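See below for upload-v3.txt, which holds compact mmCIF, N, CA and C atoms and all ligand atoms.
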```
# COMPACT_ATOMS: atom_id res chain seq x y z
N MET A 1 0.84 -1.19 0.00
CA MET A 1 0.00 0.00 0.00
C MET A 1 0.88 1.24 0.00
N THR A 2 0.34 2.35 -0.45
CA THR A 2 1.13 3.58 -0.47
C THR A 2 0.93 4.33 0.84
N ILE A 3 1.84 5.22 1.13
CA ILE A 3 1.76 5.99 2.36
C ILE A 3 0.49 6.85 2.38
N ASP A 4 0.06 7.32 1.21
CA ASP A 4 -1.15 8.16 1.15
C ASP A 4 -2.38 7.38 1.61
N THR A 5 -2.44 6.11 1.21
CA THR A 5 -3.57 5.28 1.61
C THR A 5 -3.56 5.11 3.12
N LEU A 6 -2.38 4.85 3.68
CA LEU A 6 -2.29 4.66 5.12
C LEU A 6 -2.65 5.95 5.86
N LEU A 7 -2.13 7.07 5.38
CA LEU A 7 -2.39 8.35 6.05
C LEU A 7 -3.87 8.70 6.02
N SER A 8 -4.56 8.27 4.95
CA SER A 8 -5.98 8.59 4.84
C SER A 8 -6.80 7.85 5.90
N LEU A 9 -6.21 6.81 6.49
CA LEU A 9 -6.91 6.04 7.52
C LEU A 9 -6.65 6.60 8.92
N LEU A 10 -5.69 7.50 9.02
CA LEU A 10 -5.29 8.03 10.32
C LEU A 10 -5.86 9.41 10.57
N GLU A 11 -5.85 9.80 11.85
CA GLU A 11 -6.38 11.11 12.19
C GLU A 11 -5.28 12.06 12.67
N LYS A 12 -5.58 13.36 12.50
CA LYS A 12 -4.64 14.42 12.90
C LYS A 12 -3.25 14.23 12.29
N VAL A 13 -3.23 13.89 11.01
CA VAL A 13 -1.95 13.67 10.33
C VAL A 13 -1.23 15.00 10.12
N ARG A 14 0.03 15.01 10.47
CA ARG A 14 0.84 16.20 10.28
C ARG A 14 2.17 15.77 9.66
N ARG A 15 2.62 16.53 8.68
CA ARG A 15 3.90 16.21 8.05
C ARG A 15 5.01 16.82 8.91
N THR A 16 6.02 16.03 9.25
CA THR A 16 7.09 16.55 10.11
C THR A 16 8.42 16.64 9.38
N GLY A 17 8.47 16.13 8.16
CA GLY A 17 9.71 16.19 7.40
C GLY A 17 9.52 15.46 6.09
N ASP A 18 10.62 15.26 5.39
CA ASP A 18 10.55 14.59 4.10
C ASP A 18 10.15 13.13 4.28
N GLY A 19 8.93 12.78 3.86
CA GLY A 19 8.45 11.40 4.01
C GLY A 19 8.13 11.03 5.44
N LYS A 20 8.04 12.01 6.32
CA LYS A 20 7.79 11.72 7.74
C LYS A 20 6.50 12.40 8.20
N TYR A 21 5.72 11.65 8.93
CA TYR A 21 4.43 12.16 9.41
C TYR A 21 4.23 11.74 10.84
N ILE A 22 3.34 12.48 11.51
CA ILE A 22 2.93 12.05 12.84
C ILE A 22 1.40 12.11 12.85
N ALA A 23 0.79 11.14 13.52
CA ALA A 23 -0.67 11.06 13.53
C ALA A 23 -1.13 10.43 14.84
N CYS A 24 -2.43 10.45 15.07
CA CYS A 24 -2.96 9.78 16.25
C CYS A 24 -2.85 8.27 16.05
N CYS A 25 -2.44 7.59 17.11
CA CYS A 25 -2.31 6.13 17.04
C CYS A 25 -3.69 5.50 17.20
N PRO A 26 -4.09 4.66 16.24
CA PRO A 26 -5.42 4.04 16.31
C PRO A 26 -5.50 2.90 17.34
N ALA A 27 -4.34 2.47 17.86
CA ALA A 27 -4.34 1.31 18.74
C ALA A 27 -4.49 1.66 20.22
N HIS A 28 -4.39 2.93 20.55
CA HIS A 28 -4.66 3.32 21.93
C HIS A 28 -5.40 4.65 21.91
N ASP A 29 -5.91 5.06 23.07
CA ASP A 29 -6.67 6.30 23.16
C ASP A 29 -5.69 7.46 23.05
N ASP A 30 -5.59 8.01 21.84
CA ASP A 30 -4.53 8.96 21.54
C ASP A 30 -5.09 10.31 21.09
N SER A 31 -5.03 11.30 21.97
CA SER A 31 -5.53 12.62 21.57
C SER A 31 -4.38 13.50 21.11
N ASP A 32 -3.19 13.20 21.60
CA ASP A 32 -1.99 13.95 21.23
C ASP A 32 -1.16 13.04 20.32
N PRO A 33 -1.12 13.31 19.01
CA PRO A 33 -0.51 12.38 18.05
C PRO A 33 0.81 11.77 18.52
N SER A 34 0.88 10.47 18.56
CA SER A 34 2.11 9.81 19.02
C SER A 34 2.53 8.68 18.10
N LEU A 35 1.94 8.65 16.91
CA LEU A 35 2.33 7.62 15.96
C LEU A 35 3.19 8.24 14.85
N ALA A 36 4.44 7.81 14.80
CA ALA A 36 5.34 8.30 13.74
C ALA A 36 5.22 7.38 12.54
N VAL A 37 5.02 7.98 11.36
CA VAL A 37 4.90 7.22 10.12
C VAL A 37 5.99 7.72 9.17
N THR A 38 6.82 6.80 8.71
CA THR A 38 7.92 7.19 7.83
C THR A 38 7.85 6.41 6.52
N ASP A 39 7.95 7.15 5.43
CA ASP A 39 7.93 6.55 4.10
C ASP A 39 9.39 6.27 3.72
N LEU A 40 9.79 5.01 3.74
CA LEU A 40 11.19 4.68 3.44
C LEU A 40 11.44 4.72 1.94
N PRO A 41 12.69 5.03 1.55
CA PRO A 41 13.01 5.16 0.12
C PRO A 41 12.74 3.89 -0.68
N ASP A 42 12.75 2.72 -0.02
CA ASP A 42 12.54 1.49 -0.78
C ASP A 42 11.07 1.08 -0.85
N GLY A 43 10.17 1.99 -0.42
CA GLY A 43 8.74 1.71 -0.58
C GLY A 43 8.06 1.17 0.65
N ARG A 44 8.86 0.82 1.68
CA ARG A 44 8.23 0.33 2.90
C ARG A 44 7.75 1.50 3.74
N ILE A 45 6.82 1.19 4.64
CA ILE A 45 6.33 2.21 5.55
C ILE A 45 6.69 1.77 6.97
N LEU A 46 7.32 2.67 7.70
CA LEU A 46 7.74 2.37 9.06
C LEU A 46 6.78 3.08 10.00
N ILE A 47 6.21 2.34 10.96
CA ILE A 47 5.34 3.00 11.92
C ILE A 47 5.87 2.76 13.32
N TYR A 48 5.75 3.77 14.17
CA TYR A 48 6.25 3.65 15.53
C TYR A 48 5.37 4.44 16.48
N CYS A 49 4.76 3.73 17.44
CA CYS A 49 3.93 4.42 18.42
C CYS A 49 4.78 4.73 19.65
N PHE A 50 4.89 6.00 19.99
CA PHE A 50 5.72 6.40 21.12
C PHE A 50 5.09 6.02 22.46
N ALA A 51 3.82 5.62 22.43
CA ALA A 51 3.18 5.16 23.66
C ALA A 51 3.43 3.67 23.87
N GLY A 52 4.01 3.03 22.90
CA GLY A 52 4.41 1.64 23.08
C GLY A 52 3.59 0.59 22.37
N CYS A 53 2.61 0.98 21.53
CA CYS A 53 1.86 -0.03 20.79
C CYS A 53 2.79 -0.67 19.76
N SER A 54 2.66 -1.95 19.57
CA SER A 54 3.49 -2.61 18.58
C SER A 54 2.95 -2.28 17.19
N PRO A 55 3.82 -2.28 16.17
CA PRO A 55 3.33 -2.01 14.81
C PRO A 55 2.20 -2.97 14.43
N GLY A 56 2.28 -4.21 14.92
CA GLY A 56 1.23 -5.18 14.62
C GLY A 56 -0.12 -4.74 15.16
N ALA A 57 -0.11 -4.22 16.40
CA ALA A 57 -1.37 -3.77 17.01
C ALA A 57 -1.92 -2.55 16.26
N VAL A 58 -1.02 -1.68 15.81
CA VAL A 58 -1.46 -0.47 15.10
C VAL A 58 -2.14 -0.83 13.78
N VAL A 59 -1.49 -1.69 12.98
CA VAL A 59 -2.10 -2.02 11.68
C VAL A 59 -3.38 -2.84 11.86
N GLU A 60 -3.39 -3.67 12.90
CA GLU A 60 -4.57 -4.49 13.14
C GLU A 60 -5.79 -3.62 13.43
N SER A 61 -5.59 -2.54 14.21
CA SER A 61 -6.74 -1.70 14.54
C SER A 61 -7.22 -0.90 13.33
N LEU A 62 -6.43 -0.90 12.25
CA LEU A 62 -6.86 -0.26 11.01
C LEU A 62 -7.44 -1.29 10.05
N GLY A 63 -7.47 -2.56 10.50
CA GLY A 63 -7.96 -3.63 9.63
C GLY A 63 -6.94 -4.04 8.59
N LEU A 64 -5.67 -3.77 8.88
CA LEU A 64 -4.61 -4.10 7.93
C LEU A 64 -3.68 -5.14 8.55
N SER A 65 -2.71 -5.60 7.78
CA SER A 65 -1.69 -6.48 8.32
C SER A 65 -0.33 -5.85 8.07
N LEU A 66 0.69 -6.36 8.75
CA LEU A 66 2.04 -5.80 8.57
C LEU A 66 2.48 -5.88 7.12
N ASN A 67 1.93 -6.87 6.42
CA ASN A 67 2.24 -7.05 5.00
C ASN A 67 1.89 -5.80 4.18
N ASP A 68 0.86 -5.08 4.65
CA ASP A 68 0.41 -3.89 3.94
C ASP A 68 1.42 -2.75 4.02
N LEU A 69 2.39 -2.87 4.93
CA LEU A 69 3.39 -1.81 5.07
C LEU A 69 4.54 -1.99 4.09
N PHE A 70 4.46 -3.07 3.33
CA PHE A 70 5.50 -3.33 2.34
C PHE A 70 4.97 -3.05 0.95
N PRO A 71 5.89 -2.71 0.02
CA PRO A 71 5.42 -2.49 -1.34
C PRO A 71 4.86 -3.78 -1.91
N ASP A 72 4.19 -3.70 -3.05
CA ASP A 72 3.55 -4.86 -3.66
C ASP A 72 4.50 -6.05 -3.68
N GLY A 73 3.97 -7.19 -3.28
CA GLY A 73 4.82 -8.37 -3.21
C GLY A 73 4.98 -8.81 -1.78
N GLY A 74 4.82 -7.86 -0.87
CA GLY A 74 4.81 -8.21 0.54
C GLY A 74 6.16 -8.49 1.16
N ILE A 75 6.11 -8.85 2.43
CA ILE A 75 7.31 -9.06 3.22
C ILE A 75 8.21 -10.13 2.61
N ALA A 76 7.60 -11.27 2.25
CA ALA A 76 8.39 -12.41 1.77
C ALA A 76 9.30 -11.99 0.63
N GLN A 77 8.70 -11.31 -0.37
CA GLN A 77 9.50 -10.91 -1.51
C GLN A 77 10.55 -9.88 -1.09
N HIS A 78 10.13 -9.01 -0.22
CA HIS A 78 11.03 -7.94 0.19
C HIS A 78 12.27 -8.48 0.89
N MET A 79 12.05 -9.46 1.76
CA MET A 79 13.16 -9.99 2.54
C MET A 79 14.22 -10.65 1.67
N HIS A 80 13.82 -11.07 0.47
CA HIS A 80 14.79 -11.72 -0.40
C HIS A 80 15.47 -10.74 -1.33
N GLY A 81 15.01 -9.52 -1.31
CA GLY A 81 15.64 -8.49 -2.16
C GLY A 81 16.50 -7.58 -1.31
N GLY A 82 17.71 -7.34 -1.74
CA GLY A 82 18.58 -6.43 -1.01
C GLY A 82 19.23 -7.09 0.18
N THR A 83 20.40 -6.65 0.51
CA THR A 83 21.13 -7.22 1.64
C THR A 83 20.66 -6.56 2.93
N PRO A 84 20.85 -7.21 4.08
CA PRO A 84 20.49 -6.57 5.35
C PRO A 84 21.18 -5.23 5.50
N GLY A 85 22.43 -5.17 5.04
CA GLY A 85 23.19 -3.92 5.13
C GLY A 85 22.52 -2.80 4.36
N TYR A 86 22.01 -3.15 3.19
CA TYR A 86 21.34 -2.14 2.37
C TYR A 86 20.08 -1.64 3.06
N ARG A 87 19.30 -2.60 3.61
CA ARG A 87 18.07 -2.20 4.28
C ARG A 87 18.37 -1.31 5.48
N LYS A 88 19.43 -1.68 6.21
CA LYS A 88 19.81 -0.91 7.39
C LYS A 88 20.18 0.53 7.00
N GLN A 89 20.90 0.61 5.89
CA GLN A 89 21.32 1.91 5.41
C GLN A 89 20.11 2.78 5.08
N GLN A 90 19.11 2.15 4.45
CA GLN A 90 17.91 2.89 4.08
C GLN A 90 17.18 3.36 5.33
N ILE A 91 17.11 2.48 6.34
CA ILE A 91 16.43 2.85 7.57
C ILE A 91 17.18 4.00 8.24
N GLN A 92 18.51 3.91 8.26
CA GLN A 92 19.30 4.96 8.89
C GLN A 92 19.10 6.29 8.20
N LYS A 93 19.04 6.24 6.87
CA LYS A 93 18.88 7.46 6.10
C LYS A 93 17.53 8.10 6.40
N ALA A 94 16.53 7.24 6.61
CA ALA A 94 15.16 7.74 6.75
C ALA A 94 14.89 8.38 8.11
N ASN A 95 15.71 8.02 9.08
CA ASN A 95 15.45 8.55 10.41
C ASN A 95 16.28 9.79 10.69
N ASP A 96 15.70 10.77 11.31
CA ASP A 96 16.53 11.87 11.72
C ASP A 96 16.87 11.69 13.19
N ILE A 97 17.86 12.44 13.61
CA ILE A 97 18.46 12.20 14.90
C ILE A 97 17.50 12.48 16.06
N GLU A 98 16.61 13.45 15.87
CA GLU A 98 15.67 13.75 16.96
C GLU A 98 14.67 12.61 17.15
N THR A 99 14.22 12.03 16.02
CA THR A 99 13.31 10.89 16.10
C THR A 99 14.02 9.74 16.81
N ASP A 100 15.30 9.54 16.48
CA ASP A 100 16.07 8.47 17.11
C ASP A 100 16.17 8.67 18.62
N ARG A 101 16.45 9.90 19.02
CA ARG A 101 16.57 10.16 20.46
C ARG A 101 15.25 9.86 21.16
N LEU A 102 14.16 10.23 20.48
CA LEU A 102 12.82 10.01 21.04
C LEU A 102 12.55 8.51 21.17
N ILE A 103 12.95 7.76 20.16
CA ILE A 103 12.74 6.31 20.17
C ILE A 103 13.50 5.69 21.35
N LEU A 104 14.73 6.13 21.55
CA LEU A 104 15.53 5.58 22.66
C LEU A 104 14.88 5.88 24.00
N ARG A 105 14.37 7.11 24.12
CA ARG A 105 13.76 7.51 25.39
C ARG A 105 12.49 6.70 25.65
N MET A 106 11.68 6.53 24.58
CA MET A 106 10.44 5.79 24.74
C MET A 106 10.72 4.31 25.07
N ALA A 107 11.74 3.76 24.45
CA ALA A 107 12.08 2.36 24.71
C ALA A 107 12.51 2.19 26.17
N GLU A 108 13.25 3.18 26.66
CA GLU A 108 13.71 3.13 28.04
C GLU A 108 12.51 3.21 28.99
N GLU A 109 11.58 4.10 28.66
CA GLU A 109 10.39 4.23 29.51
C GLU A 109 9.55 2.96 29.51
N SER A 110 9.45 2.34 28.34
CA SER A 110 8.69 1.08 28.25
C SER A 110 9.32 0.03 29.17
N ARG A 111 10.66 0.00 29.19
CA ARG A 111 11.35 -0.97 30.06
C ARG A 111 11.07 -0.68 31.52
N LYS A 112 11.09 0.59 31.87
CA LYS A 112 10.84 0.97 33.27
C LYS A 112 9.46 0.50 33.69
N LYS A 113 8.52 0.59 32.74
CA LYS A 113 7.14 0.17 33.04
C LYS A 113 7.00 -1.33 32.90
N ARG A 114 8.11 -2.00 32.62
CA ARG A 114 8.16 -3.46 32.45
C ARG A 114 7.25 -3.93 31.31
N GLU A 115 7.15 -3.10 30.29
CA GLU A 115 6.38 -3.52 29.11
C GLU A 115 7.31 -4.32 28.21
N THR A 116 6.72 -5.26 27.49
CA THR A 116 7.53 -6.07 26.58
C THR A 116 7.66 -5.35 25.25
N LEU A 117 8.89 -5.24 24.78
CA LEU A 117 9.11 -4.64 23.47
C LEU A 117 9.05 -5.73 22.41
N SER A 118 8.36 -5.45 21.33
CA SER A 118 8.26 -6.44 20.26
C SER A 118 9.59 -6.48 19.51
N ARG A 119 9.75 -7.48 18.66
CA ARG A 119 10.99 -7.58 17.89
C ARG A 119 11.19 -6.36 17.00
N ASP A 120 10.09 -5.86 16.45
CA ASP A 120 10.17 -4.66 15.61
C ASP A 120 10.67 -3.48 16.42
N ASP A 121 10.12 -3.38 17.64
CA ASP A 121 10.52 -2.27 18.51
C ASP A 121 12.01 -2.36 18.84
N LEU A 122 12.45 -3.58 19.15
CA LEU A 122 13.85 -3.78 19.51
C LEU A 122 14.77 -3.42 18.34
N GLU A 123 14.34 -3.80 17.13
CA GLU A 123 15.14 -3.50 15.94
C GLU A 123 15.23 -1.98 15.75
N LEU A 124 14.10 -1.34 15.96
CA LEU A 124 14.03 0.12 15.81
C LEU A 124 14.93 0.79 16.85
N GLU A 125 14.89 0.24 18.07
CA GLU A 125 15.71 0.80 19.14
C GLU A 125 17.20 0.65 18.80
N LYS A 126 17.54 -0.51 18.25
CA LYS A 126 18.94 -0.77 17.90
C LYS A 126 19.39 0.23 16.83
N GLN A 127 18.53 0.41 15.81
CA GLN A 127 18.87 1.36 14.75
C GLN A 127 19.06 2.75 15.32
N ALA A 128 18.14 3.11 16.21
CA ALA A 128 18.19 4.45 16.80
C ALA A 128 19.47 4.63 17.59
N PHE A 129 19.83 3.60 18.34
CA PHE A 129 21.05 3.64 19.14
C PHE A 129 22.27 3.86 18.25
N LEU A 130 22.35 3.08 17.16
CA LEU A 130 23.49 3.19 16.25
C LEU A 130 23.52 4.57 15.58
N ASN A 131 22.35 5.04 15.20
CA ASN A 131 22.28 6.35 14.53
C ASN A 131 22.77 7.45 15.44
N VAL A 132 22.30 7.41 16.69
CA VAL A 132 22.67 8.45 17.64
C VAL A 132 24.17 8.39 17.90
N ARG A 133 24.69 7.16 18.06
CA ARG A 133 26.11 7.02 18.33
C ARG A 133 26.95 7.52 17.14
N ASN A 134 26.53 7.17 15.92
CA ASN A 134 27.25 7.65 14.74
C ASN A 134 27.22 9.17 14.68
N HIS A 135 26.06 9.70 15.00
CA HIS A 135 25.87 11.14 14.96
C HIS A 135 26.83 11.83 15.93
N GLU A 136 26.90 11.29 17.16
CA GLU A 136 27.78 11.88 18.18
C GLU A 136 29.23 11.80 17.74
N ARG A 137 29.61 10.66 17.18
CA ARG A 137 31.01 10.48 16.79
C ARG A 137 31.38 11.40 15.65
N LYS A 138 30.44 11.54 14.70
CA LYS A 138 30.71 12.40 13.56
C LYS A 138 30.92 13.83 14.05
N ARG A 139 30.08 14.20 15.01
CA ARG A 139 30.16 15.55 15.54
C ARG A 139 31.50 15.77 16.26
N ASN A 140 32.00 14.69 16.85
CA ASN A 140 33.27 14.78 17.55
C ASN A 140 34.46 14.56 16.61
N GLY A 141 34.17 14.49 15.30
CA GLY A 141 35.24 14.37 14.32
C GLY A 141 35.84 12.99 14.20
N GLU A 142 35.17 11.98 14.75
CA GLU A 142 35.69 10.64 14.62
C GLU A 142 35.12 9.99 13.36
N THR A 143 35.71 8.91 12.95
CA THR A 143 35.19 8.23 11.77
C THR A 143 33.93 7.48 12.14
N GLN A 144 33.08 7.27 11.13
CA GLN A 144 31.81 6.61 11.37
C GLN A 144 32.00 5.18 11.80
N TRP A 145 31.21 4.79 12.79
CA TRP A 145 31.30 3.43 13.31
C TRP A 145 30.74 2.46 12.30
N GLN A 146 31.46 1.37 12.06
CA GLN A 146 31.01 0.36 11.11
C GLN A 146 30.73 -0.93 11.84
N GLU A 147 29.67 -1.61 11.41
CA GLU A 147 29.35 -2.88 12.06
C GLU A 147 30.19 -3.97 11.41
ZN ZN A 201 -0.40 3.60 20.30
```
Let's see the structure in the file written out as structure tokens.
Amino acid sequence: MTIDTLLSLLEKVRRTGDGKYIACCPAHDDSDPSLAVTDLPDGRILIYCFAGCSPGAVVESLGLSLNDLFPDGGIAQHMHGGTPGYRKQQIQKANDIETDRLILRMAEESRKKRETLSRDDLELEKQAFLNVRNHERKRNGETQWQE
């Protein structure tokens, strides 16, 4: 599905940057938009609820599946195209540093509340951690950290 279709299902959508939006999360009682929606360069859509809803719960409450967040062909086809390194690079490019800092903070708060983070959340947290660390190092004039 396209990002426009997804955004049309959400409320209080606001554009926050290039391919980045924030909207009310349909999976919890959300009056202050806390769902980040990012249109990745490879056609995937990344969703992240800062209140801690898993992407699965968010799409389910819209009557969709996680498969709908991938371009035509779905997850299965996508996973066989491109190397993990390439996908990681795309995700890193798509996130800005402030979003990353927010993700790290929200993940920490979820842990304090003893909430379980889904695998998607953990992956997002890891990306955010690496992005922030690279950002700090670059700012300090060090070479970029490589995995
Ligand atoms: Zn939510």
Could you give me, as a Markdown table, every chain A residue with an atom at most 6 Å from ligand ZN 201 (chain A), plus its closest atom pair and distance in Å to one decimal, counting all atoms listed in the file, rows ordered by chain then number?
```
| residue | atom | partner | partner_atom | distance |
| --- | --- | --- | --- | --- |
| A:Cys25 | CA | A:ZN201 | ZN | 4.5 |
| A:Pro26 | N | A:ZN201 | ZN | 5.6 |
| A:Ala27 | C | A:ZN201 | ZN | 4.5 |
| A:His28 | N | A:ZN201 | ZN | 4.1 |
| A:Cys49 | CA | A:ZN201 | ZN | 4.8 |
| A:Phe50 | N | A:ZN201 | ZN | 5.8 |
| A:Ala51 | N | A:ZN201 | ZN | 5.1 |
| A:Gly52 | N | A:ZN201 | ZN | 5.2 |
| A:Cys53 | N | A:ZN201 | ZN | 4.2 |
```
Who sits within 7 Å of Asp42 of chain A, all atoms listed in the file, same chain under 2 positions skipped, as a list in words: Asp39, Leu40, Arg44, Ile45, Pro71 and Gln90 of chain A
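One finds atom N of Leu124 of chain A at 17.8 Å from atom N of Asp68 of chain A.
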Point-to-point distance from atom N of Leu130 of chain A to atom C of Thr38 of chain A, Å rounded to tenths: 18.3 Å
Point-to-point distance in Å for atom C of Ile47 of chain A and atom CA of Leu35 of chain A: 6.6 Å
Selection: 6.5 Å around segment 1-15 of chain A, only N, CA and C atoms, excl. self and same-chain fewer than 2 positions, as a PyMOL selection string: chain A and resi 17+20-24+39+67-72
Spatial neighbours of Ala107 of chain A, max dist 8 Å, only N, CA and C atoms, sep filter under 6 positions, as a PyMOL selection string: chain A and resi 50+52+101+113+117+121+125
Kindly export the residues of the current selection with N, CA and C atoms, as a compact mmCIF listing (two decimals), in the frame of the given file.
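File written: out_39.txt
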```
# COMPACT_ATOMS: atom_id res chain seq x y z
N PHE A 50 4.89 6.00 19.99
CA PHE A 50 5.72 6.40 21.12
C PHE A 50 5.09 6.02 22.46
N GLY A 52 4.01 3.03 22.90
CA GLY A 52 4.41 1.64 23.08
C GLY A 52 3.59 0.59 22.37
N ARG A 101 16.45 9.90 19.02
CA ARG A 101 16.57 10.16 20.46
C ARG A 101 15.25 9.86 21.16
N LYS A 113 8.52 0.59 32.74
CA LYS A 113 7.14 0.17 33.04
C LYS A 113 7.00 -1.33 32.90
N LEU A 117 8.89 -5.24 24.78
CA LEU A 117 9.11 -4.64 23.47
C LEU A 117 9.05 -5.73 22.41
N ASP A 121 10.12 -3.38 17.64
CA ASP A 121 10.52 -2.27 18.51
C ASP A 121 12.01 -2.36 18.84
N GLU A 125 14.89 0.24 18.07
CA GLU A 125 15.71 0.80 19.14
C GLU A 125 17.20 0.65 18.80
```
All helix (DSSP H, G or I) residues (DSSP, backbone) inside segment 4-134 of chain A, as a PyMOL selection string: chain A and resi 4-8+55-61+66-69+74-80+84-94+97-112+119-134
Pick from A:Glu115, A:Thr16, A:Leu66, A:Glu108 nearest to Leu46 of chain A, counting only C-alpha atoms: A:Leu66
